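A quick write-up on the structure given underneath.
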Amino acid sequence: MTAQNDTDAIIAPNDDARHASKMVKKKAARDKIMAAKSGEKGLIIVHTGAGKGKSSSGFGMILRCIAHQMPSAVVQFIKGAWDTGERRLIEENFAHLCQFHAMGEGFTWETQDRARDIELAQAGWEKAKELIRDDKIKMVLLDEINIALRYDYLDIAEVTRFLAEEKPPLTHVVLTGRNAKDSLIELADLATEMTLIKHPFRAGIKGQKGVEF
């Protein structure tokens, strides 16, 4: 064994012991923090930003609810005409646990009919209110509602008022889409902004099955 290896053999156990001691202290501190967190609340959760992952995160939480046998629901604004993997999975396998309402007909540049887009968005919001008021449903995902709010298809004041005043205390509501309104972010219990760093679309790669839909 070389002199360097001898030194490594001596130092490594000391490093392991210091690490273990540090982790014991860290665990004690974390346990103390967690012991003080006993409350439960139905959260208002906003996923926004230019980066990918907003809807994906929302559907991830819906699948967690399904796994816990918690009734849930999805109202999909704007892009509801798409045949997506998550919609197919839920409707074909978990319809007894999760209602899925696709209320849109495509992005605004595809529909090219503002009056029709507004009509569908408002119908989606009425369905959303019905689902949120049902206290048997534990989570409602409002996918891409931020787009409908951005274009003023829905009244942001009405949406925030309803969430603040009429949402049952233990119901979670998740709202996704770019350009979330400031008043919605202020109301939210949890708000996350997805930051775009790189996207394959810019390199000429189209949206792909299993990644985008």
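Every chain in the structure tokens has a letter given in the order shown (A, B, ...), and although residue numbers restart at 1 in each chain, ligands are simply numbered from 1 in the order shown.
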For the interface of region 15-97 of chain A with region 171-180 of chain A (cut-off 12 Å, counting only C-alpha atoms), please tabulate each contacting residue of region 15-97 of chain A alongside its nearest pair of atoms and their separation in Å to one decimal, rows sorted by chain and increasing number, as a tab-separated table.
residue	atom	partner	partner_atom	distance
A:Glu40	CA	A:Thr171	CA	10.3
A:Lys41	CA	A:Thr171	CA	7.6
A:Gly42	CA	A:Thr171	CA	4.3
A:Leu43	CA	A:His172	CA	4.6
A:Ile44	CA	A:Val173	CA	5.0
A:Ile45	CA	A:Val174	CA	4.6
A:Val46	CA	A:Leu175	CA	4.9
A:His47	CA	A:Thr176	CA	4.8
A:Thr48	CA	A:Arg178	CA	4.7
A:Gly49	CA	A:Arg178	CA	5.0
A:Ala50	CA	A:Arg178	CA	6.0
A:Gly51	CA	A:Arg178	CA	8.6
A:Lys52	CA	A:Arg178	CA	9.9
A:Gly53	CA	A:Thr176	CA	9.6
A:Lys54	CA	A:Thr176	CA	5.8
A:Ser55	CA	A:Thr176	CA	6.1
A:Ser56	CA	A:Thr176	CA	9.5
A:Ser57	CA	A:Thr176	CA	9.0
A:Gly58	CA	A:Val174	CA	6.6
A:Phe59	CA	A:Val174	CA	9.5
A:Gly60	CA	A:Val174	CA	11.2
A:Met61	CA	A:Val174	CA	8.9
A:Ile62	CA	A:Val174	CA	9.5
A:Cys65	CA	A:His172	CA	10.5
A:Met70	CA	A:Thr171	CA	10.9
A:Pro71	CA	A:Thr171	CA	10.5
A:Ser72	CA	A:His172	CA	9.3
A:Ala73	CA	A:Val173	CA	9.7
A:Val74	CA	A:Val174	CA	9.4
A:Val75	CA	A:Leu175	CA	9.9
A:Gln76	CA	A:Thr176	CA	9.8
A:Phe77	CA	A:Gly177	CA	9.7
A:Ile78	CA	A:Gly177	CA	10.1
A:Lys79	CA	A:Gly177	CA	11.0
Using DSSP secondary structure from the backbone, list all strand (DSSP E or B) positions within chain A, as a short mmCIF file (atom, residue, chain, number, x, y, z; two decimals) with C-alpha atoms, in the first residue's frame.
data_model
loop_
_atom_site.label_atom_id
_atom_site.label_comp_id
_atom_site.auth_asym_id
_atom_site.auth_seq_id
_atom_site.Cartn_x
_atom_site.Cartn_y
_atom_site.Cartn_z
CA ILE A 44 -54.42 26.32 -3.80
CA ILE A 45 -51.49 25.35 -6.01
CA VAL A 46 -50.30 27.32 -9.05
CA HIS A 47 -47.85 25.99 -11.64
CA THR A 48 -46.80 28.66 -14.13
CA SER A 72 -60.31 13.71 -7.83
CA ALA A 73 -61.22 15.53 -11.03
CA VAL A 74 -59.64 17.25 -14.03
CA VAL A 75 -61.06 20.13 -16.02
CA GLN A 76 -58.91 20.76 -19.08
CA CYS A 98 -61.14 10.68 -11.28
CA GLN A 99 -63.59 12.59 -13.46
CA PHE A 100 -62.02 14.01 -16.63
CA HIS A 101 -63.70 16.93 -18.43
CA ALA A 102 -61.97 18.16 -21.59
CA MET A 139 -58.34 17.44 -5.61
CA VAL A 140 -59.39 19.33 -8.73
CA LEU A 141 -56.86 20.05 -11.47
CA LEU A 142 -57.70 23.06 -13.66
CA ASP A 143 -55.29 22.39 -16.48
CA HIS A 172 -56.87 20.95 -3.10
CA VAL A 173 -57.13 22.96 -6.34
CA VAL A 174 -54.26 22.97 -8.85
CA LEU A 175 -54.15 25.65 -11.57
CA THR A 176 -51.66 25.35 -14.43
CA LEU A 190 -47.97 27.04 -3.22
CA ALA A 191 -46.78 28.71 -6.43
CA THR A 192 -44.04 27.35 -8.67
CA GLU A 193 -42.57 28.98 -11.77
#
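Take CA of Glu165 (chain A) and CA of His68 (chain A): the distance between them is 27.2 Å.
Atom pair CA of Leu170 (chain A) / CA of Leu187 (chain A): separated by 15.8 Å.
Using only C-alpha atoms, the smallest distance between any of A:Leu149, A:Met23, A:Leu163, A:Leu89 and Ile118 (chain A) comes from A:Leu149.
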Residues within 10 Å of region 205-210 of chain A, please, as a PyMOL selection string. Count only C-alpha atoms; anything in the same chain fewer than 3 positions from it doesn't count. chain A and resi 84-86+199-202+213
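Straight-line separation from CA of Asp152 (chain A) to CA of Asp135 (chain A): 28.2 Å.
Counting only C-alpha atoms, the residue from A:Glu158, A:Ala17, A:Tyr153, A:Asp134 that sits nearest to Asp113 (chain A) is A:Tyr153.
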